[in-house]
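One file, entry-v9.txt, is given below (compact mmCIF, C-alpha atoms and all ligand atoms).
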# COMPACT_ATOMS: atom_id res chain seq x y z
CA MET A 1 -51.08 0.28 -71.97
CA THR A 2 -54.17 2.08 -70.71
CA ALA A 3 -57.10 3.21 -72.78
CA THR A 4 -56.89 6.88 -73.67
CA VAL A 5 -60.32 8.41 -74.01
CA GLY A 6 -63.65 7.69 -72.38
CA ARG A 7 -65.33 5.69 -75.10
CA GLU A 8 -62.27 3.85 -76.36
CA PRO A 9 -61.98 0.12 -75.86
CA ARG A 10 -60.77 -1.15 -72.53
CA ARG A 11 -59.60 -4.43 -74.06
CA GLU A 12 -56.01 -4.15 -75.25
CA GLY A 13 -53.43 -6.83 -75.72
CA ALA A 14 -51.65 -8.64 -78.47
CA LEU A 15 -52.62 -7.61 -81.97
CA PRO A 16 -54.52 -10.19 -84.02
CA GLY A 17 -52.06 -12.27 -85.97
CA GLY A 18 -49.62 -12.26 -83.08
CA ALA A 19 -47.92 -8.89 -83.75
CA GLU A 20 -47.18 -6.70 -80.76
CA VAL A 21 -46.86 -2.95 -80.61
CA GLU A 22 -44.34 -1.45 -78.22
CA ALA A 23 -45.95 -0.06 -75.07
CA ALA A 24 -44.80 3.46 -76.02
CA PRO A 25 -44.31 3.28 -79.75
CA GLY A 26 -42.30 5.85 -81.60
CA TYR A 27 -44.08 6.83 -84.76
CA GLY A 28 -42.57 7.03 -88.21
CA ARG A 29 -41.43 5.15 -91.24
CA HIS A 30 -40.26 2.07 -89.32
CA LEU A 31 -43.96 1.29 -88.72
CA LEU A 32 -44.50 0.84 -92.47
CA THR A 33 -43.76 -2.86 -92.04
CA MET A 34 -46.93 -3.21 -89.96
CA TRP A 35 -48.79 -2.28 -93.12
CA GLY A 36 -48.00 -3.82 -96.48
CA LEU A 37 -47.21 -0.38 -97.90
CA GLU A 38 -44.50 -0.12 -100.57
CA PRO A 39 -41.36 1.14 -98.83
CA THR A 40 -40.10 3.05 -101.87
CA VAL A 41 -43.10 5.38 -101.98
CA ARG A 42 -43.75 8.32 -99.69
CA HIS A 43 -47.33 7.60 -98.62
CA LEU A 44 -48.93 10.97 -97.92
CA ASN A 45 -52.55 10.16 -98.74
CA HIS A 46 -53.81 7.98 -95.93
CA GLY A 47 -57.05 9.97 -96.04
CA GLY A 48 -57.83 8.74 -99.55
CA PHE A 49 -58.55 5.09 -98.92
CA GLY A 50 -56.86 4.37 -95.58
CA ALA A 51 -54.48 1.42 -95.44
CA THR A 52 -55.05 -1.77 -93.52
CA PRO A 53 -52.31 -3.27 -91.32
CA LEU A 54 -51.30 -6.83 -92.08
CA SER A 55 -52.50 -8.04 -88.68
CA VAL A 56 -56.00 -6.66 -89.28
CA LEU A 57 -56.05 -8.23 -92.75
CA GLU A 58 -55.09 -11.51 -91.10
CA GLU A 59 -58.04 -11.15 -88.71
CA GLN A 60 -60.30 -10.56 -91.71
CA ARG A 61 -58.94 -13.66 -93.42
CA SER A 62 -59.57 -15.76 -90.34
CA TRP A 63 -63.25 -14.70 -90.45
CA GLN A 64 -63.35 -15.63 -94.13
CA ARG A 65 -61.86 -19.05 -93.35
CA ARG A 66 -64.48 -19.56 -90.67
CA MET A 67 -67.23 -18.59 -93.13
CA GLU A 68 -65.99 -21.00 -95.77
CA ALA A 69 -65.49 -23.88 -93.33
CA ASN A 70 -69.26 -24.31 -93.22
CA PRO A 71 -71.13 -21.56 -95.09
CA PRO A 72 -74.69 -22.65 -94.17
CA ARG A 73 -73.84 -22.84 -90.49
CA PHE A 74 -71.95 -19.54 -90.61
CA PHE A 75 -74.72 -17.58 -92.33
CA MET A 76 -77.70 -19.16 -90.63
CA SER A 77 -76.51 -19.76 -87.08
CA GLU A 78 -73.43 -17.68 -86.40
CA LEU A 79 -73.39 -14.45 -88.39
CA PRO A 80 -76.45 -12.73 -86.89
CA HIS A 81 -74.91 -12.96 -83.41
CA LEU A 82 -71.36 -12.17 -84.59
CA LEU A 83 -72.54 -8.98 -86.29
CA ARG A 84 -74.18 -7.74 -83.12
CA VAL A 85 -71.08 -8.56 -81.04
CA ALA A 86 -68.95 -6.55 -83.47
CA ALA A 87 -71.55 -3.75 -83.52
CA ALA A 88 -71.36 -3.51 -79.72
CA GLU A 89 -67.59 -2.95 -79.82
CA VAL A 90 -67.75 -0.52 -82.71
CA ALA A 91 -70.64 1.41 -81.12
CA SER A 92 -68.66 1.78 -77.91
CA PHE A 93 -65.69 3.22 -79.84
CA LEU A 94 -67.87 5.61 -81.83
CA GLY A 95 -69.93 6.83 -78.90
CA THR A 96 -73.28 5.31 -79.74
CA GLU A 97 -75.37 2.31 -78.72
CA PRO A 98 -75.29 -1.11 -80.42
CA ASP A 99 -78.98 -1.02 -81.29
CA ARG A 100 -78.45 2.29 -83.07
CA LEU A 101 -75.51 1.16 -85.20
CA ALA A 102 -75.55 -0.92 -88.38
CA PHE A 103 -72.90 -1.83 -90.90
CA VAL A 104 -72.89 -0.77 -94.53
CA ASP A 105 -70.24 -1.03 -97.24
CA ASN A 106 -69.04 2.54 -96.97
CA ALA A 107 -70.09 6.10 -96.19
CA THR A 108 -71.51 6.53 -99.69
CA SER A 109 -73.95 3.65 -99.31
CA GLY A 110 -74.81 4.71 -95.75
CA ALA A 111 -75.67 8.20 -96.92
CA SER A 112 -77.67 6.87 -99.85
CA ALA A 113 -79.61 4.54 -97.54
CA VAL A 114 -80.60 7.57 -95.44
CA LEU A 115 -81.38 9.83 -98.39
CA ARG A 116 -83.47 7.25 -100.20
CA SER A 117 -85.46 6.42 -97.07
CA LEU A 118 -86.77 9.98 -96.76
CA ASP A 119 -89.74 11.56 -98.49
CA PHE A 120 -89.34 14.82 -100.36
CA GLY A 121 -91.87 16.86 -102.27
CA THR A 122 -91.48 19.31 -105.12
CA ASP A 123 -89.40 22.34 -104.11
CA ASP A 124 -88.42 20.86 -100.75
CA GLU A 125 -84.83 21.91 -100.14
CA ILE A 126 -81.87 19.79 -99.13
CA LEU A 127 -79.20 22.08 -97.77
CA THR A 128 -75.49 21.42 -97.91
CA THR A 129 -72.30 23.42 -98.44
CA ASP A 130 -69.93 23.79 -101.35
CA HIS A 131 -67.46 21.60 -99.39
CA VAL A 132 -69.73 18.55 -99.77
CA TYR A 133 -68.12 15.38 -101.12
CA ASN A 134 -69.03 15.05 -104.77
CA ALA A 135 -70.41 11.51 -104.48
CA LEU A 136 -72.93 12.78 -101.93
CA ARG A 137 -73.73 15.80 -104.03
CA ASN A 138 -74.58 13.39 -106.84
CA ALA A 139 -76.71 11.25 -104.52
CA ILE A 140 -78.70 14.37 -103.60
CA ARG A 141 -78.93 15.43 -107.25
CA TYR A 142 -80.31 12.01 -108.11
CA LEU A 143 -82.87 12.26 -105.32
CA ALA A 144 -83.80 15.74 -106.52
CA SER A 145 -84.29 14.47 -110.06
CA ARG A 146 -86.70 11.79 -108.78
CA THR A 147 -88.71 13.93 -106.38
CA GLY A 148 -88.58 17.52 -107.56
CA ALA A 149 -86.65 18.50 -104.42
CA VAL A 150 -83.95 21.13 -104.76
CA LEU A 151 -80.29 20.88 -103.82
CA ARG A 152 -79.25 24.12 -102.16
CA GLU A 153 -75.52 24.55 -101.70
CA VAL A 154 -74.26 27.41 -99.56
CA ALA A 155 -70.72 28.71 -99.97
CA VAL A 156 -68.27 28.54 -97.09
CA PRO A 157 -65.47 30.69 -98.52
CA LEU A 158 -61.78 29.87 -98.11
CA PRO A 159 -59.87 30.22 -95.97
CA VAL A 160 -62.22 29.11 -93.21
CA ARG A 161 -61.01 30.99 -90.15
CA ASP A 162 -63.38 29.75 -87.48
CA ALA A 163 -66.23 27.36 -86.91
CA GLY A 164 -68.73 30.20 -86.54
CA GLU A 165 -68.38 31.09 -90.23
CA ILE A 166 -69.57 27.61 -91.18
CA VAL A 167 -72.59 27.66 -88.87
CA GLU A 168 -73.52 31.16 -90.04
CA ALA A 169 -73.35 30.15 -93.70
CA ILE A 170 -75.62 27.17 -93.06
CA GLU A 171 -78.04 29.19 -90.96
CA ALA A 172 -78.25 31.85 -93.67
CA GLY A 173 -79.09 29.14 -96.20
CA LEU A 174 -82.10 27.79 -94.29
CA THR A 175 -85.53 28.60 -95.68
CA GLN A 176 -89.13 27.65 -94.95
CA ARG A 177 -88.64 24.77 -97.39
CA THR A 178 -85.46 23.24 -95.93
CA ARG A 179 -86.26 19.59 -95.16
CA LEU A 180 -82.77 18.19 -94.56
CA ILE A 181 -79.27 19.45 -93.76
CA VAL A 182 -76.36 17.32 -95.02
CA VAL A 183 -72.82 18.19 -93.90
CA ASP A 184 -69.44 16.55 -93.79
CA HIS A 185 -67.76 16.10 -90.42
CA VAL A 186 -64.32 16.36 -92.02
CA THR A 187 -64.39 17.67 -95.56
CA SER A 188 -62.46 15.90 -98.27
CA GLY A 189 -61.28 18.59 -100.67
CA SER A 190 -60.63 21.27 -98.06
CA ALA A 191 -59.62 18.95 -95.18
CA THR A 192 -61.57 21.01 -92.66
CA ILE A 193 -63.32 19.88 -89.47
CA PHE A 194 -66.89 21.16 -89.47
CA PRO A 195 -68.60 22.07 -86.16
CA VAL A 196 -71.11 19.25 -86.42
CA GLU A 197 -72.43 19.61 -82.85
CA ALA A 198 -73.45 23.22 -83.53
CA ILE A 199 -74.94 22.31 -86.92
CA ALA A 200 -76.94 19.45 -85.38
CA ALA A 201 -78.13 21.83 -82.64
CA LEU A 202 -79.22 24.31 -85.30
CA GLY A 203 -81.20 21.55 -87.02
CA ARG A 204 -82.90 20.56 -83.76
CA GLU A 205 -83.75 24.18 -82.99
CA ARG A 206 -85.41 24.58 -86.38
CA GLY A 207 -86.98 21.12 -86.54
CA ILE A 208 -84.86 20.16 -89.56
CA PRO A 209 -83.26 16.70 -89.63
CA VAL A 210 -79.48 16.51 -90.02
CA LEU A 211 -77.36 13.88 -91.77
CA ILE A 212 -73.63 13.96 -91.03
CA ASP A 213 -71.16 12.42 -93.45
CA GLY A 214 -68.33 11.27 -91.19
CA ALA A 215 -66.41 9.34 -93.85
CA HIS A 216 -63.06 10.50 -92.46
CA ALA A 217 -63.86 10.88 -88.78
CA PRO A 218 -63.35 7.53 -86.97
CA GLY A 219 -59.71 7.31 -85.91
CA LEU A 220 -59.01 10.85 -87.14
CA VAL A 221 -60.90 13.01 -84.64
CA ASP A 222 -62.23 12.27 -81.15
CA LEU A 223 -65.67 10.98 -81.96
CA ASP A 224 -68.78 10.82 -79.80
CA ILE A 225 -71.74 10.37 -82.12
CA GLU A 226 -74.30 10.62 -79.35
CA ALA A 227 -72.88 13.96 -78.22
CA ILE A 228 -73.08 15.33 -81.77
CA GLY A 229 -76.82 14.78 -81.72
CA ALA A 230 -77.55 14.51 -85.44
CA ASP A 231 -80.40 12.34 -86.70
CA TRP A 232 -78.10 10.15 -88.78
CA TYR A 233 -74.32 9.80 -88.86
CA VAL A 234 -72.58 7.72 -91.51
CA GLY A 235 -68.89 6.92 -91.65
CA ASN A 236 -66.01 4.70 -92.71
CA CYS A 237 -63.79 2.58 -90.53
CA HIS A 238 -61.47 1.75 -93.43
CA LYS A 239 -59.85 5.19 -93.59
CA TRP A 240 -58.28 6.41 -90.36
CA LEU A 241 -59.24 3.44 -88.24
CA CYS A 242 -57.46 1.18 -90.74
CA ALA A 243 -60.17 -1.48 -90.91
CA PRO A 244 -60.49 -3.50 -94.12
CA LYS A 245 -62.27 -1.89 -97.06
CA GLY A 246 -66.03 -2.28 -96.90
CA ALA A 247 -66.31 -1.33 -93.24
CA GLY A 248 -68.82 1.51 -93.23
CA PHE A 249 -71.59 2.21 -90.76
CA VAL A 250 -74.74 4.18 -90.22
CA ALA A 251 -75.75 5.38 -86.76
CA VAL A 252 -79.19 6.71 -85.90
CA SER A 253 -80.05 9.01 -83.04
CA ARG A 254 -82.26 7.97 -80.15
CA ALA A 255 -85.25 9.52 -81.90
CA PRO A 256 -84.35 9.93 -85.57
CA ALA A 257 -86.63 12.11 -87.65
CA ALA A 258 -87.62 9.12 -89.78
CA ALA A 259 -86.94 5.39 -89.96
CA ILE A 260 -84.35 4.38 -92.51
CA HIS A 261 -83.91 1.23 -94.55
CA PRO A 262 -80.91 -0.34 -96.30
CA LEU A 263 -80.48 0.09 -100.04
CA ALA A 264 -81.18 -3.63 -100.48
CA ILE A 265 -84.38 -4.75 -98.78
CA SER A 266 -84.32 -8.42 -97.79
CA HIS A 267 -85.93 -10.97 -95.46
CA ALA A 268 -85.91 -8.75 -92.38
CA TYR A 269 -88.04 -5.99 -93.89
CA GLY A 270 -90.24 -4.48 -91.21
CA GLN A 271 -88.27 -6.03 -88.35
CA GLY A 272 -86.47 -2.85 -87.32
CA PHE A 273 -83.31 -0.90 -88.03
CA THR A 274 -80.54 -3.34 -87.08
CA ALA A 275 -82.38 -6.43 -88.32
CA GLU A 276 -82.93 -4.88 -91.74
CA PHE A 277 -79.35 -3.66 -92.15
CA ASP A 278 -77.85 -6.90 -90.81
CA LYS A 279 -79.62 -8.85 -93.54
CA THR A 280 -79.23 -7.44 -97.03
CA GLY A 281 -78.52 -10.62 -98.97
CA THR A 282 -75.53 -12.97 -98.94
CA ARG A 283 -72.26 -11.10 -98.65
CA ASP A 284 -68.80 -11.26 -97.13
CA ALA A 285 -69.11 -9.68 -93.67
CA SER A 286 -65.44 -10.17 -92.77
CA ALA A 287 -64.55 -6.47 -93.06
CA TRP A 288 -67.18 -5.62 -90.43
CA LEU A 289 -66.13 -8.47 -88.15
CA ALA A 290 -62.53 -7.24 -88.32
CA ILE A 291 -63.34 -3.67 -87.20
CA PRO A 292 -62.82 -4.55 -83.51
CA ALA A 293 -59.29 -5.71 -84.42
CA ALA A 294 -58.69 -2.35 -86.10
CA ILE A 295 -59.97 -0.55 -83.00
CA ARG A 296 -57.50 -2.51 -80.88
CA PHE A 297 -54.69 -1.75 -83.32
CA HIS A 298 -55.54 1.96 -83.15
CA ALA A 299 -55.64 1.84 -79.34
CA GLN A 300 -52.31 0.07 -79.19
CA LEU A 301 -50.75 2.74 -81.37
CA GLY A 302 -51.89 5.27 -78.81
CA GLY A 303 -55.55 6.08 -79.59
CA ALA A 304 -56.07 9.76 -78.71
CA ARG A 305 -52.30 10.24 -78.41
CA LEU A 306 -51.82 9.00 -81.97
CA ARG A 307 -54.59 11.27 -83.25
CA GLN A 308 -53.05 14.28 -81.51
CA ARG A 309 -49.58 13.50 -82.78
CA ASN A 310 -50.78 13.07 -86.35
CA ARG A 311 -52.69 16.33 -86.20
CA ALA A 312 -49.79 18.27 -84.70
CA LEU A 313 -47.34 16.96 -87.29
CA ALA A 314 -49.74 17.75 -90.14
CA ALA A 315 -50.07 21.33 -88.84
CA THR A 316 -46.31 21.76 -88.60
CA ILE A 317 -45.72 20.39 -92.09
CA ALA A 318 -48.56 22.42 -93.60
CA GLY A 319 -47.28 25.59 -91.90
CA SER A 320 -43.79 25.17 -93.25
CA ILE A 321 -44.87 24.24 -96.80
CA SER A 322 -47.18 27.24 -96.80
CA GLN A 323 -44.39 29.51 -95.61
CA MET A 324 -41.89 28.19 -98.13
CA THR A 325 -44.23 28.30 -101.12
CA GLY A 326 -46.92 30.87 -100.36
CA MET A 327 -49.52 28.13 -100.95
CA PRO A 328 -52.41 29.10 -98.65
CA ALA A 329 -54.14 26.57 -96.41
CA THR A 330 -57.90 26.09 -96.68
CA CYS A 331 -58.53 26.64 -92.97
CA SER A 332 -56.97 27.75 -89.72
CA PRO A 333 -54.99 25.10 -87.80
CA ALA A 334 -57.79 24.96 -85.21
CA LEU A 335 -60.08 23.45 -87.86
CA ALA A 336 -57.51 21.19 -89.50
CA PRO A 337 -57.39 17.43 -88.80
CA ALA A 338 -54.30 15.28 -89.47
CA MET A 339 -54.64 16.45 -93.05
CA ALA A 340 -54.02 19.78 -94.70
CA ALA A 341 -55.01 21.16 -98.08
CA LEU A 342 -52.83 23.88 -99.65
CA ARG A 343 -53.76 25.73 -102.84
CA LEU A 344 -51.48 24.89 -105.75
CA PRO A 345 -49.91 27.68 -107.76
CA GLY A 346 -50.60 28.28 -111.41
CA ASN A 347 -54.36 28.94 -111.38
CA LEU A 348 -54.91 25.37 -112.43
CA PRO A 349 -58.42 24.56 -113.57
CA ALA A 350 -60.19 22.34 -111.07
CA THR A 351 -60.54 19.48 -113.52
CA ARG A 352 -59.86 15.77 -113.21
CA GLU A 353 -57.23 16.05 -115.96
CA ALA A 354 -55.27 18.82 -114.24
CA SER A 355 -55.51 17.03 -110.92
CA ALA A 356 -54.23 13.79 -112.47
CA ARG A 357 -51.36 15.67 -114.16
CA VAL A 358 -50.15 17.15 -110.86
CA HIS A 359 -50.63 13.88 -108.99
CA ASP A 360 -48.72 11.90 -111.59
CA MET A 361 -45.90 14.42 -111.70
CA LEU A 362 -45.46 14.29 -107.92
CA TYR A 363 -45.55 10.51 -108.02
CA ASP A 364 -43.49 9.78 -111.11
CA ARG A 365 -40.77 12.37 -110.56
CA TYR A 366 -40.53 12.49 -106.80
CA GLY A 367 -42.21 9.35 -105.39
CA PHE A 368 -44.87 11.25 -103.42
CA GLU A 369 -48.31 9.60 -103.21
CA THR A 370 -50.53 12.61 -102.53
CA ALA A 371 -54.13 13.71 -103.05
CA ILE A 372 -54.83 16.58 -105.41
CA THR A 373 -58.24 17.84 -104.40
CA THR A 374 -60.66 20.58 -105.38
CA ALA A 375 -61.71 23.24 -102.88
CA GLY A 376 -63.16 26.68 -103.55
CA GLY A 377 -62.95 25.95 -107.28
CA ALA A 378 -59.14 25.52 -107.18
CA LEU A 379 -56.77 22.57 -107.03
CA HIS A 380 -55.12 21.82 -103.71
CA LEU A 381 -52.34 19.56 -102.53
CA ARG A 382 -53.76 17.53 -99.65
CA ILE A 383 -51.42 15.79 -97.27
CA SER A 384 -52.24 13.22 -94.59
CA VAL A 385 -50.23 12.18 -91.55
CA GLN A 386 -50.64 8.66 -90.18
CA ALA A 387 -48.56 6.74 -87.62
CA TYR A 388 -46.14 5.52 -90.28
CA ASN A 389 -45.32 9.06 -91.45
CA GLU A 390 -42.53 11.25 -90.14
CA ALA A 391 -41.32 14.74 -90.99
CA GLY A 392 -38.68 13.34 -93.37
CA ASP A 393 -41.42 11.94 -95.63
CA PHE A 394 -42.30 15.51 -96.59
CA GLU A 395 -38.78 16.67 -97.46
CA GLY A 396 -38.74 18.20 -100.91
CA LEU A 397 -42.55 18.28 -101.15
CA ALA A 398 -42.77 22.08 -101.10
CA GLU A 399 -40.41 22.46 -104.05
CA ALA A 400 -42.03 19.56 -105.89
CA ALA A 401 -45.52 21.01 -105.43
CA LEU A 402 -44.41 24.39 -106.76
CA ALA A 403 -42.75 22.78 -109.76
CA ALA A 404 -45.70 20.48 -110.46
CA GLY A 405 -48.24 23.30 -110.07
CA TRP A 406 -46.44 25.63 -112.44
CA THR A 407 -45.50 22.94 -114.94
CA ALA A 408 -49.04 21.56 -115.10
CA ALA A 409 -50.52 25.04 -115.53
C1 LIG A 501 -66.31 13.51 -96.93
C2 LIG A 501 -66.39 12.21 -97.64
N1 LIG A 501 -67.59 11.62 -97.79
C3 LIG A 501 -67.73 10.44 -98.41
C4 LIG A 501 -66.63 9.78 -98.89
C5 LIG A 501 -66.85 8.49 -99.60
O1 LIG A 501 -66.27 7.43 -98.96
P1 LIG A 501 -66.51 5.99 -99.57
O2 LIG A 501 -66.02 6.04 -100.97
O3 LIG A 501 -65.74 5.07 -98.72
O4 LIG A 501 -67.98 5.74 -99.50
C6 LIG A 501 -65.36 10.33 -98.77
C7 LIG A 501 -64.19 9.65 -99.30
O5 LIG A 501 -63.09 10.13 -99.29
C8 LIG A 501 -65.24 11.58 -98.12
O6 LIG A 501 -64.05 12.18 -97.98
Would you write out, as structure tokens, the structure that this file holds?
Ligand SMILES: Cc1ncc(COP(=O)(O)O)c(C=O)c1O
Amino acid sequence: MTATVGREPRREGALPGGAEVEAAPGYGRHLLTMWGLEPTVRHLNHGGFGATPLSVLEEQRSWQRRMEANPPRFFMSELPHLLRVAAAEVASFLGTEPDRLAFVDNATSGASAVLRSLDFGTDDEILTTDHVYNALRNAIRYLASRTGAVLREVAVPLPVRDAGEIVEAIEAGLTQRTRLIVVDHVTSGSATIFPVEAIAALGRERGIPVLIDGAHAPGLVDLDIEAIGADWYVGNCHKWLCAPKGAGFVAVSRAPAAAIHPLAISHAYGQGFTAEFDKTGTRDASAWLAIPAAIRFHAQLGGARLRQRNRALAATIAGSISQMTGMPATCSPALAPAMAALRLPGNLPATREASARVHDMLYDRYGFETAITTAGGALHLRISVQAYNEAGDFEGLAEAALAAGWTAA
């Protein structure tokens, strides 16, 4: 099989653990056995926490076995080099350079490392949108409470019809006091792809640093971090790239607006970006070391072809559910990834309780594992399409969503 897009790995072969993927795999439920996913459930929320194939988990375990065979040797002599080897492969996939990429636990800790490395004064503004992931909103609120800075959240109303609306909303929110722009690459609640290149360009034009939260992006959209041109880009490999949990990263631009430090400062303090992030105390690095195996798995399932197929199927499914139920989508298909968020009926309050009620109803009564998200102050049904999904997985979902929405109201 040949590599599919410019920055994707050239090295493809047998999957770790000995499993092989057909040269031209058909996608669908029969692939569930490559993951350890329960066959009786309809898994429609890959975007939530990803899911790691058994072969990639086996690769992770083999790193753990190596670590435990001689822990002092592993940590003192081997790990520093192994981390940089893995970083080189991951950087190549993500479109950045190894010396500008470091591993963190997840997007949340990557974003917090950036935020807490920056200086803010009273009334300095940190600009984001009302689509921001709530964990990041909280991280900014915490920062604001410690520094006197102000969180400024601009509305990007639903439905989002084109990318220009997003850039305009952000531009209109900039003031003389804006010190940082924080935006999601792919939003969680509204499942919308934001025009991060244009937002980063806007930041450069105005001399305002930009942090992109790409928690969903690797393996979901074609990603070239260098081309985006933001100061900092954080993301997860455990979601759409199917790496083990704990495989986050932070990437810095060639000339980031400020140096950043990990949340835990350790022996390498003052020795530079990668040295500091590579050494944050004793921890299990196996999830990071297994990311290259996940990249190979993704490539063997088709790479860009898989991403396109997932996106096209999600658009088809979302279109037909919307047509059958009248549930509106959050954005136009041009801005939708291999996920779609559709507003539930019943004017449900956007509370955790209401969301849990709808989720549990869809799961308990119908066997659908879905995400019930908040966007524009309303609850939405969010679906995801991964390689192991097929159109049949969504049969009956439209009727079930209507019933659950109205019953929970
Ligand atoms: C946009 C966005 N940012 C951040 C996160 C947080 O990811 P994690 O919990 O892995 O840090 C998520 C998780 O779904 C997300 O969707």
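Straight-line separation from atom CA of Ile225 of chain A to atom CA of His267 of chain A: 28.9 Å.
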Inset, instruction - Residues up to 7 Å from ligand LIG 501 (chain A), counting all atoms listed in the file: could you list those as number ranges by chain? - result: A: 47-49, 106-109, 132-133, 135-136, 184, 186-188, 213-216, 236
Inset, instruction - Give me the residues within 12 Å of segment 77-81 of chain A as a ChimeraX atom specification, counting all atoms listed in the file and dropping any in the same chain fewer than 2 places off. - result: /A:63-64,66-67,70-75,83-88,102,268,274-280,282-286,288-289
For C-alpha atoms, I'd like the residues from the last selection saved as a short mmCIF file (atom, residue, chain, number, x, y, z; two decimals), keeping the file's coordinate frame.
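After the write, out.cif holds the following:
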data_model
loop_
_atom_site.label_atom_id
_atom_site.label_comp_id
_atom_site.auth_asym_id
_atom_site.auth_seq_id
_atom_site.Cartn_x
_atom_site.Cartn_y
_atom_site.Cartn_z
CA TRP A 63 -63.25 -14.70 -90.45
CA GLN A 64 -63.35 -15.63 -94.13
CA ARG A 66 -64.48 -19.56 -90.67
CA MET A 67 -67.23 -18.59 -93.13
CA ASN A 70 -69.26 -24.31 -93.22
CA PRO A 71 -71.13 -21.56 -95.09
CA PRO A 72 -74.69 -22.65 -94.17
CA ARG A 73 -73.84 -22.84 -90.49
CA PHE A 74 -71.95 -19.54 -90.61
CA PHE A 75 -74.72 -17.58 -92.33
CA LEU A 83 -72.54 -8.98 -86.29
CA ARG A 84 -74.18 -7.74 -83.12
CA VAL A 85 -71.08 -8.56 -81.04
CA ALA A 86 -68.95 -6.55 -83.47
CA ALA A 87 -71.55 -3.75 -83.52
CA ALA A 88 -71.36 -3.51 -79.72
CA ALA A 102 -75.55 -0.92 -88.38
CA ALA A 268 -85.91 -8.75 -92.38
CA THR A 274 -80.54 -3.34 -87.08
CA ALA A 275 -82.38 -6.43 -88.32
CA GLU A 276 -82.93 -4.88 -91.74
CA PHE A 277 -79.35 -3.66 -92.15
CA ASP A 278 -77.85 -6.90 -90.81
CA LYS A 279 -79.62 -8.85 -93.54
CA THR A 280 -79.23 -7.44 -97.03
CA THR A 282 -75.53 -12.97 -98.94
CA ARG A 283 -72.26 -11.10 -98.65
CA ASP A 284 -68.80 -11.26 -97.13
CA ALA A 285 -69.11 -9.68 -93.67
CA SER A 286 -65.44 -10.17 -92.77
CA TRP A 288 -67.18 -5.62 -90.43
CA LEU A 289 -66.13 -8.47 -88.15
#
Legend entry - Non-local contacts of segment 202-206 of chain A (12 Å; only C-alpha atoms; under 3 positions in same chain excluded) as number ranges by chain: A: 127, 166-183, 195-199, 209-212, 228-232, 253, 255-257
Keeping C-alpha atoms, export the residues of the selection given above as a PDB file, in the frame of the given file.
ATOM      1  CA  LEU A 127     -79.200  22.080 -97.770  1.00  0.00           C
ATOM      2  CA  ILE A 166     -69.570  27.610 -91.180  1.00  0.00           C
ATOM      3  CA  VAL A 167     -72.590  27.660 -88.870  1.00  0.00           C
ATOM      4  CA  GLU A 168     -73.520  31.160 -90.040  1.00  0.00           C
ATOM      5  CA  ALA A 169     -73.350  30.150 -93.700  1.00  0.00           C
ATOM      6  CA  ILE A 170     -75.620  27.170 -93.060  1.00  0.00           C
ATOM      7  CA  GLU A 171     -78.040  29.190 -90.960  1.00  0.00           C
ATOM      8  CA  ALA A 172     -78.250  31.850 -93.670  1.00  0.00           C
ATOM      9  CA  GLY A 173     -79.090  29.140 -96.200  1.00  0.00           C
ATOM     10  CA  LEU A 174     -82.100  27.790 -94.290  1.00  0.00           C
ATOM     11  CA  THR A 175     -85.530  28.600 -95.680  1.00  0.00           C
ATOM     12  CA  GLN A 176     -89.130  27.650 -94.950  1.00  0.00           C
ATOM     13  CA  ARG A 177     -88.640  24.770 -97.390  1.00  0.00           C
ATOM     14  CA  THR A 178     -85.460  23.240 -95.930  1.00  0.00           C
ATOM     15  CA  ARG A 179     -86.260  19.590 -95.160  1.00  0.00           C
ATOM     16  CA  LEU A 180     -82.770  18.190 -94.560  1.00  0.00           C
ATOM     17  CA  ILE A 181     -79.270  19.450 -93.760  1.00  0.00           C
ATOM     18  CA  VAL A 182     -76.360  17.320 -95.020  1.00  0.00           C
ATOM     19  CA  VAL A 183     -72.820  18.190 -93.900  1.00  0.00           C
ATOM     20  CA  PRO A 195     -68.600  22.070 -86.160  1.00  0.00           C
ATOM     21  CA  VAL A 196     -71.110  19.250 -86.420  1.00  0.00           C
ATOM     22  CA  GLU A 197     -72.430  19.610 -82.850  1.00  0.00           C
ATOM     23  CA  ALA A 198     -73.450  23.220 -83.530  1.00  0.00           C
ATOM     24  CA  ILE A 199     -74.940  22.310 -86.920  1.00  0.00           C
ATOM     25  CA  PRO A 209     -83.260  16.700 -89.630  1.00  0.00           C
ATOM     26  CA  VAL A 210     -79.480  16.510 -90.020  1.00  0.00           C
ATOM     27  CA  LEU A 211     -77.360  13.880 -91.770  1.00  0.00           C
ATOM     28  CA  ILE A 212     -73.630  13.960 -91.030  1.00  0.00           C
ATOM     29  CA  ILE A 228     -73.080  15.330 -81.770  1.00  0.00           C
ATOM     30  CA  GLY A 229     -76.820  14.780 -81.720  1.00  0.00           C
ATOM     31  CA  ALA A 230     -77.550  14.510 -85.440  1.00  0.00           C
ATOM     32  CA  ASP A 231     -80.400  12.340 -86.700  1.00  0.00           C
ATOM     33  CA  TRP A 232     -78.100  10.150 -88.780  1.00  0.00           C
ATOM     34  CA  SER A 253     -80.050   9.010 -83.040  1.00  0.00           C
ATOM     35  CA  ALA A 255     -85.250   9.520 -81.900  1.00  0.00           C
ATOM     36  CA  PRO A 256     -84.350   9.930 -85.570  1.00  0.00           C
ATOM     37  CA  ALA A 257     -86.630  12.110 -87.650  1.00  0.00           C
TER      38      ALA A 257
END
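Checking A:Arg382, A:Arg296, A:Arg343, A:His30 one by one against His359 of chain A, counting all atoms listed in the file, you find the shortest gap at A:Arg382.
Proximity ranking of A:Ala314, A:Leu158, A:Ala340, A:Ala354 relative to Asp393 of chain A places A:Ala314 first, based on all atoms listed in the file.
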